[in-house]
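Heads up, start.cif below (mmCIF, C-alpha atoms):
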data_protein
loop_
_atom_site.group_PDB
_atom_site.id
_atom_site.type_symbol
_atom_site.label_atom_id
_atom_site.label_comp_id
_atom_site.auth_asym_id
_atom_site.auth_seq_id
_atom_site.Cartn_x
_atom_site.Cartn_y
_atom_site.Cartn_z
ATOM 1 C CA MET A 7 24.427 73.875 -102.120
ATOM 2 C CA ARG A 8 22.052 72.783 -104.897
ATOM 3 C CA GLY A 9 24.956 71.267 -106.808
ATOM 4 C CA LEU A 10 26.134 69.373 -103.727
ATOM 5 C CA THR A 11 22.627 68.023 -103.156
ATOM 6 C CA LEU A 12 22.355 66.834 -106.766
ATOM 7 C CA SER A 13 25.769 65.240 -106.502
ATOM 8 C CA LEU A 14 24.780 63.336 -103.394
ATOM 9 C CA LEU A 15 21.547 62.182 -105.035
ATOM 10 C CA MET A 16 23.441 60.943 -108.075
ATOM 11 C CA MET A 17 25.883 59.063 -105.863
ATOM 12 C CA ALA A 18 23.017 57.451 -103.946
ATOM 13 C CA ALA A 19 21.346 56.446 -107.198
ATOM 14 C CA ALA A 20 24.558 54.797 -108.333
ATOM 15 C CA LEU A 21 24.656 52.554 -105.251
ATOM 16 C CA PRO A 22 23.175 49.079 -105.694
ATOM 17 C CA ALA A 23 19.679 48.885 -104.270
ATOM 18 C CA ALA A 24 19.047 46.434 -101.443
ATOM 19 C CA ALA A 25 17.410 43.309 -102.775
ATOM 20 C CA ALA A 26 13.680 43.234 -102.138
ATOM 21 C CA PRO A 27 12.559 40.418 -99.851
ATOM 22 C CA THR A 28 11.510 37.332 -101.781
ATOM 23 C CA ALA A 29 8.304 35.436 -101.150
ATOM 24 C CA ALA A 30 10.364 32.851 -99.304
ATOM 25 C CA ASP A 31 11.949 35.555 -97.131
ATOM 26 C CA ARG A 32 8.524 36.925 -96.214
ATOM 27 C CA LEU A 33 7.161 33.453 -95.514
ATOM 28 C CA HIS A 34 10.046 32.618 -93.203
ATOM 29 C CA GLU A 35 9.604 35.969 -91.466
ATOM 30 C CA LEU A 36 5.958 35.084 -90.845
ATOM 31 C CA PHE A 37 6.885 31.665 -89.479
ATOM 32 C CA GLU A 38 9.515 33.157 -87.180
ATOM 33 C CA GLY A 39 7.176 35.861 -85.944
ATOM 34 C CA GLU A 40 4.405 33.381 -85.192
ATOM 35 C CA TRP A 41 6.826 31.065 -83.407
ATOM 36 C CA GLU A 42 8.001 33.947 -81.224
ATOM 37 C CA ARG A 43 4.408 34.928 -80.533
ATOM 38 C CA SER A 44 3.541 31.386 -79.519
ATOM 39 C CA LEU A 45 6.391 31.368 -76.996
ATOM 40 C CA ARG A 46 5.508 34.792 -75.635
ATOM 41 C CA GLU A 47 1.798 34.031 -75.277
ATOM 42 C CA ASN A 48 2.298 30.497 -73.933
ATOM 43 C CA PRO A 49 5.081 30.737 -71.346
ATOM 44 C CA GLU A 50 4.580 27.152 -70.200
ATOM 45 C CA SER A 51 5.219 25.857 -73.717
ATOM 46 C CA ALA A 52 8.265 28.098 -73.973
ATOM 47 C CA SER A 53 9.616 26.557 -70.788
ATOM 48 C CA PHE A 54 9.147 23.040 -72.131
ATOM 49 C CA GLU A 55 11.000 24.129 -75.275
ATOM 50 C CA GLY A 56 13.935 25.171 -73.100
ATOM 51 C CA ASP A 57 13.362 28.903 -73.633
ATOM 52 C CA ARG A 58 13.951 30.595 -70.262
ATOM 53 C CA ARG A 59 12.759 34.087 -71.211
ATOM 54 C CA TYR A 60 9.268 33.567 -69.836
ATOM 55 C CA ASN A 61 9.994 31.256 -66.920
ATOM 56 C CA ASP A 62 8.536 33.728 -64.434
ATOM 57 C CA ARG A 63 4.953 33.804 -65.741
ATOM 58 C CA TRP A 64 1.849 31.860 -66.740
ATOM 59 C CA THR A 65 -0.359 32.213 -69.780
ATOM 60 C CA ASP A 66 -2.595 35.260 -69.471
ATOM 61 C CA ASN A 67 -6.187 34.041 -69.690
ATOM 62 C CA SER A 68 -7.873 37.367 -69.125
ATOM 63 C CA PRO A 69 -10.646 38.252 -71.605
ATOM 64 C CA ASN A 70 -8.473 40.883 -73.296
ATOM 65 C CA ALA A 71 -5.550 38.487 -73.702
ATOM 66 C CA ILE A 72 -7.760 35.737 -75.127
ATOM 67 C CA ALA A 73 -9.351 38.159 -77.582
ATOM 68 C CA GLY A 74 -5.916 39.426 -78.565
ATOM 69 C CA ARG A 75 -4.615 35.928 -79.283
ATOM 70 C CA GLU A 76 -7.638 35.068 -81.388
ATOM 71 C CA ALA A 77 -7.320 38.291 -83.375
ATOM 72 C CA ALA A 78 -3.614 37.608 -83.935
ATOM 73 C CA ASP A 79 -4.429 34.110 -85.178
ATOM 74 C CA ARG A 80 -6.916 35.489 -87.681
ATOM 75 C CA ALA A 81 -4.411 38.121 -88.809
ATOM 76 C CA ALA A 82 -1.716 35.483 -89.316
ATOM 77 C CA LEU A 83 -4.097 33.396 -91.428
ATOM 78 C CA ALA A 84 -5.024 36.409 -93.556
ATOM 79 C CA ARG A 85 -1.362 37.259 -94.057
ATOM 80 C CA LEU A 86 -0.577 33.680 -95.041
ATOM 81 C CA GLN A 87 -3.417 33.579 -97.544
ATOM 82 C CA GLY A 88 -1.922 36.620 -99.215
ATOM 83 C CA PHE A 89 1.034 34.586 -100.517
ATOM 84 C CA GLU A 90 1.167 33.174 -104.026
ATOM 85 C CA ARG A 91 1.900 29.556 -103.286
ATOM 86 C CA SER A 92 3.087 28.853 -106.842
ATOM 87 C CA LYS A 93 6.008 31.248 -106.393
ATOM 88 C CA LEU A 94 7.420 29.225 -103.494
ATOM 89 C CA ALA A 95 9.976 26.436 -103.765
ATOM 90 C CA PRO A 96 8.599 22.887 -103.229
ATOM 91 C CA ALA A 97 9.904 22.704 -99.656
ATOM 92 C CA ASP A 98 8.324 26.035 -98.775
ATOM 93 C CA GLN A 99 5.084 24.978 -100.458
ATOM 94 C CA LEU A 100 4.967 22.054 -98.041
ATOM 95 C CA ASN A 101 5.677 24.361 -95.103
ATOM 96 C CA TYR A 102 3.022 26.747 -96.376
ATOM 97 C CA ASP A 103 0.420 23.979 -96.718
ATOM 98 C CA THR A 104 1.145 22.641 -93.237
ATOM 99 C CA PHE A 105 0.957 26.011 -91.537
ATOM 100 C CA LEU A 106 -2.133 26.988 -93.549
ATOM 101 C CA TRP A 107 -3.978 23.841 -92.467
ATOM 102 C CA LEU A 108 -3.009 24.345 -88.815
ATOM 103 C CA GLN A 109 -3.934 28.015 -88.829
ATOM 104 C CA GLN A 110 -7.274 27.387 -90.527
ATOM 105 C CA LYS A 111 -8.181 24.801 -87.889
ATOM 106 C CA THR A 112 -7.088 27.138 -85.098
ATOM 107 C CA VAL A 113 -9.334 29.914 -86.386
ATOM 108 C CA GLN A 114 -12.260 27.584 -87.121
ATOM 109 C CA ARG A 115 -12.163 26.303 -83.535
ATOM 110 C CA GLN A 116 -12.639 29.786 -82.106
ATOM 111 C CA ILE A 117 -16.424 29.396 -82.369
ATOM 112 C CA PHE A 118 -16.323 26.666 -79.704
ATOM 113 C CA ARG A 119 -14.775 28.976 -77.079
ATOM 114 C CA GLU A 120 -12.674 26.147 -75.724
ATOM 115 C CA TYR A 121 -11.098 28.511 -73.209
ATOM 116 C CA LEU A 122 -14.334 28.234 -71.198
ATOM 117 C CA GLN A 123 -13.173 24.740 -70.189
ATOM 118 C CA PRO A 124 -9.771 25.658 -68.705
ATOM 119 C CA ILE A 125 -9.396 22.538 -66.563
ATOM 120 C CA GLY A 126 -10.013 18.853 -67.104
ATOM 121 C CA HIS A 127 -8.816 15.452 -66.045
ATOM 122 C CA GLN A 128 -5.597 15.854 -68.021
ATOM 123 C CA GLY A 129 -4.526 19.281 -66.915
ATOM 124 C CA GLY A 130 -5.195 22.761 -65.629
ATOM 125 C CA VAL A 131 -4.163 24.997 -62.756
ATOM 126 C CA GLN A 132 -4.953 22.182 -60.327
ATOM 127 C CA ASN A 133 -1.709 20.476 -61.371
ATOM 128 C CA ALA A 134 0.324 23.461 -62.533
ATOM 129 C CA ASP A 135 3.188 22.151 -60.418
ATOM 130 C CA GLY A 136 3.780 19.534 -63.116
ATOM 131 C CA LEU A 137 5.647 22.196 -65.066
ATOM 132 C CA ILE A 138 8.573 21.512 -62.721
ATOM 133 C CA GLU A 139 9.279 18.358 -64.731
ATOM 134 C CA GLY A 140 10.153 20.448 -67.777
ATOM 135 C CA LEU A 141 12.361 22.965 -65.993
ATOM 136 C CA ALA A 142 16.057 22.939 -65.188
ATOM 137 C CA PHE A 143 17.061 24.147 -61.732
ATOM 138 C CA ASN A 144 20.778 24.844 -61.881
ATOM 139 C CA GLU A 145 21.230 28.340 -60.473
ATOM 140 C CA ALA A 146 19.513 30.863 -58.216
ATOM 141 C CA ARG A 147 17.760 32.518 -61.174
ATOM 142 C CA ASP A 148 15.910 29.279 -61.964
ATOM 143 C CA TYR A 149 14.499 29.136 -58.434
ATOM 144 C CA ARG A 150 13.599 32.819 -58.419
ATOM 145 C CA ASP A 151 11.738 32.411 -61.692
ATOM 146 C CA TRP A 152 9.766 29.545 -60.168
ATOM 147 C CA LEU A 153 9.068 31.664 -57.095
ATOM 148 C CA ALA A 154 7.742 34.422 -59.373
ATOM 149 C CA ARG A 155 5.458 31.891 -61.023
ATOM 150 C CA MET A 156 4.314 30.661 -57.636
ATOM 151 C CA ARG A 157 3.468 34.215 -56.550
ATOM 152 C CA ALA A 158 1.524 34.760 -59.766
ATOM 153 C CA LEU A 159 -0.467 31.534 -59.478
ATOM 154 C CA PRO A 160 -3.421 33.007 -57.527
ATOM 155 C CA ASP A 161 -4.085 35.367 -60.441
ATOM 156 C CA ALA A 162 -4.034 32.404 -62.844
ATOM 157 C CA ILE A 163 -6.451 30.551 -60.577
ATOM 158 C CA ASP A 164 -8.767 33.576 -60.432
ATOM 159 C CA GLN A 165 -8.756 33.714 -64.235
ATOM 160 C CA THR A 166 -9.621 30.018 -64.339
ATOM 161 C CA ILE A 167 -12.509 30.498 -61.912
ATOM 162 C CA ALA A 168 -13.848 33.391 -63.984
ATOM 163 C CA LEU A 169 -13.706 31.350 -67.188
ATOM 164 C CA MET A 170 -15.413 28.372 -65.571
ATOM 165 C CA ARG A 171 -18.213 30.560 -64.242
ATOM 166 C CA GLU A 172 -18.713 32.015 -67.705
ATOM 167 C CA GLY A 173 -18.703 28.488 -69.098
ATOM 168 C CA VAL A 174 -21.423 27.450 -66.667
ATOM 169 C CA LYS A 175 -23.576 30.387 -67.742
ATOM 170 C CA ALA A 176 -23.039 29.491 -71.401
ATOM 171 C CA GLY A 177 -23.602 25.765 -70.873
ATOM 172 C CA ASN A 178 -20.073 25.132 -72.117
ATOM 173 C CA VAL A 179 -18.712 22.647 -69.578
ATOM 174 C CA PRO A 180 -16.806 19.324 -69.666
ATOM 175 C CA PRO A 181 -18.618 15.997 -69.202
ATOM 176 C CA ARG A 182 -19.043 15.077 -65.543
ATOM 177 C CA VAL A 183 -17.045 11.868 -65.960
ATOM 178 C CA LEU A 184 -13.969 13.835 -67.044
ATOM 179 C CA MET A 185 -14.119 16.054 -63.974
ATOM 180 C CA GLN A 186 -14.471 13.351 -61.344
ATOM 181 C CA ARG A 187 -10.772 13.196 -60.492
ATOM 182 C CA VAL A 188 -10.244 16.973 -60.452
ATOM 183 C CA PRO A 189 -11.413 17.589 -56.839
ATOM 184 C CA ALA A 190 -8.763 15.194 -55.566
ATOM 185 C CA GLN A 191 -6.129 16.946 -57.656
ATOM 186 C CA ILE A 192 -7.100 20.260 -56.070
ATOM 187 C CA ALA A 193 -7.161 18.728 -52.593
ATOM 188 C CA ALA A 194 -3.578 17.505 -53.056
ATOM 189 C CA GLN A 195 -2.493 21.143 -53.279
ATOM 190 C CA ILE A 196 -4.061 22.097 -49.933
ATOM 191 C CA VAL A 197 -1.375 21.136 -47.433
ATOM 192 C CA ASP A 198 -0.694 22.067 -43.812
ATOM 193 C CA ASP A 199 3.064 21.753 -44.223
ATOM 194 C CA PRO A 200 4.386 23.877 -47.116
ATOM 195 C CA ALA A 201 7.323 21.505 -47.508
ATOM 196 C CA LYS A 202 4.829 18.827 -48.558
ATOM 197 C CA SER A 203 3.390 20.934 -51.368
ATOM 198 C CA PRO A 204 4.038 19.663 -54.899
ATOM 199 C CA PHE A 205 5.333 23.160 -55.676
ATOM 200 C CA TYR A 206 8.101 22.703 -53.115
ATOM 201 C CA ARG A 207 9.700 19.790 -54.965
ATOM 202 C CA ALA A 208 12.161 22.089 -56.690
ATOM 203 C CA PHE A 209 13.389 23.349 -53.325
ATOM 204 C CA ALA A 210 13.528 20.049 -51.470
ATOM 205 C CA LYS A 211 16.894 19.145 -52.999
ATOM 206 C CA PRO A 212 18.403 22.365 -54.364
ATOM 207 C CA ALA A 213 21.190 22.349 -56.933
ATOM 208 C CA THR A 214 24.605 21.657 -55.441
ATOM 209 C CA GLY A 215 25.953 24.865 -56.987
ATOM 210 C CA LEU A 216 23.820 27.081 -54.744
ATOM 211 C CA SER A 217 25.423 28.696 -51.750
ATOM 212 C CA GLU A 218 24.147 27.734 -48.333
ATOM 213 C CA THR A 219 22.743 31.243 -47.930
ATOM 214 C CA ASP A 220 20.840 31.113 -51.222
ATOM 215 C CA ARG A 221 19.536 27.673 -50.390
ATOM 216 C CA THR A 222 18.203 28.784 -47.019
ATOM 217 C CA VAL A 223 16.655 32.018 -48.303
ATOM 218 C CA LEU A 224 14.994 30.393 -51.312
ATOM 219 C CA GLN A 225 13.517 27.580 -49.265
ATOM 220 C CA ALA A 226 12.125 30.028 -46.715
ATOM 221 C CA GLU A 227 10.586 32.153 -49.478
ATOM 222 C CA ALA A 228 9.043 29.086 -51.091
ATOM 223 C CA ARG A 229 7.433 27.936 -47.851
ATOM 224 C CA ALA A 230 6.033 31.422 -47.244
ATOM 225 C CA VAL A 231 4.573 31.734 -50.762
ATOM 226 C CA ILE A 232 2.978 28.300 -50.512
ATOM 227 C CA ALA A 233 1.421 29.018 -47.120
ATOM 228 C CA GLU A 234 0.329 32.587 -47.822
ATOM 229 C CA ARG A 235 -0.691 32.487 -51.491
ATOM 230 C CA ILE A 236 -0.837 29.056 -53.086
ATOM 231 C CA VAL A 237 -2.783 27.090 -50.491
ATOM 232 C CA PRO A 238 -5.415 29.838 -49.982
ATOM 233 C CA ALA A 239 -5.828 30.141 -53.760
ATOM 234 C CA TYR A 240 -6.464 26.430 -54.155
ATOM 235 C CA ARG A 241 -8.763 26.410 -51.157
ATOM 236 C CA LYS A 242 -10.805 29.159 -52.857
#
Give the structure from the file, written as structure tokens.
Amino acid sequence: MRGLTLSLLMMAAALPAAAAPTAADRLHELFEGEWERSLRENPESASFEGDRRYNDRWTDNSPNAIAGREAADRAALARLQGFERSKLAPADQLNYDTFLWLQQKTVQRQIFREYLQPIGHQGGVQNADGLIEGLAFNEARDYRDWLARMRALPDAIDQTIALMREGVKAGNVPPRVLMQRVPAQIAAQIVDDPAKSPFYRAFAKPATGLSETDRTVLQAEARAVIAERIVPAYRK
């Protein structure tokens, strides 16, 4: 048995060792990992990029999720700073410099707690329906993903309210002039007829490939979600 074990060890030692990852390999792995994290943590951005994996959710703006993202950003910066830039090829040095600058600014901005101003004149949950413009609705799954997002919207609105209240306590609020149009944007979401909701646009003219049954069921579900969840959330 001992001889067989030694023989196996000698054979293993004779095999060529797997090449150790180069600095470039590790840098590209970091870039890829951070890109995947950005898509996972920002589902809306993923949707605009054409990535359908997260089409059924919104960004989690709970305190734990925000703290987790900030910690991950700091960890990514620390990992990046551990590279020896001089050992990278010129193209990767440029990539390194670009990502380093972006990541440094991201971490430096954490002190401003920008998440305490979750809505403004240019965007926020008050016009979350605008995401429709970046989505493709070609099959039943696309509509069901949007329905899942619609059902989850009240939670996103509650998170927004909580952040705004914390911002008021901290004195971290947008200028009044930038908020003047927001009440009207919210009011546009409070409709008596669900079919007139901006969220219903995707269902008004369903894809021609849907069956008549799917079309009818999806439209009925959309009207119910708008009436029972979306409108009350915006009214709150």
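Here CA of Gln109 in chain A is placed at a distance of 6.0 Å from CA of Leu83 in chain A.
When all atoms listed in the file are used to compute distances to Lys242 in chain A, the closest of the residues A:Glu218, A:Glu172, A:Asp161, A:Asp31 turns out to be A:Asp161.
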Residues of range 191-218 of chain A within 10 Å of range 149-152 of chain A: nearest atom pair and distance (Å, one decimal) for each, counting only C-alpha atoms, sorted by chain and number, as a Markdown table?
| residue | atom | partner | partner_atom | distance |
| --- | --- | --- | --- | --- |
| A:Phe205 | CA | A:Trp152 | CA | 9.0 |
| A:Tyr206 | CA | A:Trp152 | CA | 10.0 |
| A:Ala208 | CA | A:Tyr149 | CA | 7.6 |
| A:Phe209 | CA | A:Tyr149 | CA | 7.8 |
| A:Pro212 | CA | A:Tyr149 | CA | 8.8 |
| A:Ala213 | CA | A:Tyr149 | CA | 9.6 |
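Relative to CA of Ile196 in chain A, CA of Val237 in chain A is found at 5.2 Å.
In this structure, CA of Arg221 in chain A sits 10.2 Å away from CA of Glu145 in chain A.
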Tell me which of A:Phe37, A:Phe89, A:Tyr121, A:Tyr102 sits closest to Asp66 in chain A, counting all atoms listed in the file. A:Tyr121
Output the residue selection produced by the PyMOL selection byres ((chain A and resi 239) around 12) on the file above, formatted as a CSV table (one decimal) with C-alpha atoms, in the coordinates of the input.
chain,number,residue,atom,x,y,z
A,131,VAL,CA,-4.2,25.0,-62.8
A,132,GLN,CA,-5.0,22.2,-60.3
A,156,MET,CA,4.3,30.7,-57.6
A,157,ARG,CA,3.5,34.2,-56.6
A,158,ALA,CA,1.5,34.8,-59.8
A,159,LEU,CA,-0.5,31.5,-59.5
A,160,PRO,CA,-3.4,33.0,-57.5
A,161,ASP,CA,-4.1,35.4,-60.4
A,162,ALA,CA,-4.0,32.4,-62.8
A,163,ILE,CA,-6.5,30.6,-60.6
A,164,ASP,CA,-8.8,33.6,-60.4
A,165,GLN,CA,-8.8,33.7,-64.2
A,166,THR,CA,-9.6,30.0,-64.3
A,167,ILE,CA,-12.5,30.5,-61.9
A,192,ILE,CA,-7.1,20.3,-56.1
A,193,ALA,CA,-7.2,18.7,-52.6
A,195,GLN,CA,-2.5,21.1,-53.3
A,196,ILE,CA,-4.1,22.1,-49.9
A,197,VAL,CA,-1.4,21.1,-47.4
A,231,VAL,CA,4.6,31.7,-50.8
A,232,ILE,CA,3.0,28.3,-50.5
A,233,ALA,CA,1.4,29.0,-47.1
A,234,GLU,CA,0.3,32.6,-47.8
A,235,ARG,CA,-0.7,32.5,-51.5
A,236,ILE,CA,-0.8,29.1,-53.1
A,237,VAL,CA,-2.8,27.1,-50.5
A,238,PRO,CA,-5.4,29.8,-50.0
A,240,TYR,CA,-6.5,26.4,-54.2
A,241,ARG,CA,-8.8,26.4,-51.2
A,242,LYS,CA,-10.8,29.2,-52.9
List the residues matched by the PyMOL selection byres ((chain A and resi 188) around 9) in the displayed structure as a tab-separated table (two decimals) with C-alpha atoms, in the frame of the given file, ordered by chain and then by residue number.
chain	number	residue	atom	x	y	z
A	125	ILE	CA	-9.40	22.54	-66.56
A	126	GLY	CA	-10.01	18.85	-67.10
A	127	HIS	CA	-8.82	15.45	-66.04
A	128	GLN	CA	-5.60	15.85	-68.02
A	129	GLY	CA	-4.53	19.28	-66.92
A	132	GLN	CA	-4.95	22.18	-60.33
A	184	LEU	CA	-13.97	13.84	-67.04
A	185	MET	CA	-14.12	16.05	-63.97
A	186	GLN	CA	-14.47	13.35	-61.34
A	187	ARG	CA	-10.77	13.20	-60.49
A	189	PRO	CA	-11.41	17.59	-56.84
A	190	ALA	CA	-8.76	15.19	-55.57
A	191	GLN	CA	-6.13	16.95	-57.66
A	192	ILE	CA	-7.10	20.26	-56.07
A	193	ALA	CA	-7.16	18.73	-52.59
Counting all atoms listed in the file, the residue among A:Gln110, A:Asn48, A:Thr28, A:Asn67 that lies closest to Ala82 in chain A is A:Gln110
Spatial neighbours of Leu122 in chain A, max dist 8 Å, all atoms listed in the file, sep filter under 6 positions, as number ranges by chain: A: 169-170, 172-173, 178-179
I'd like the residues picked by the PyMOL selection byres ((chain A and resi 94) around 12) written out as a ChimeraX atom specification, using the chain letters and numbers from the file. /A:28-34,89-93,95-103
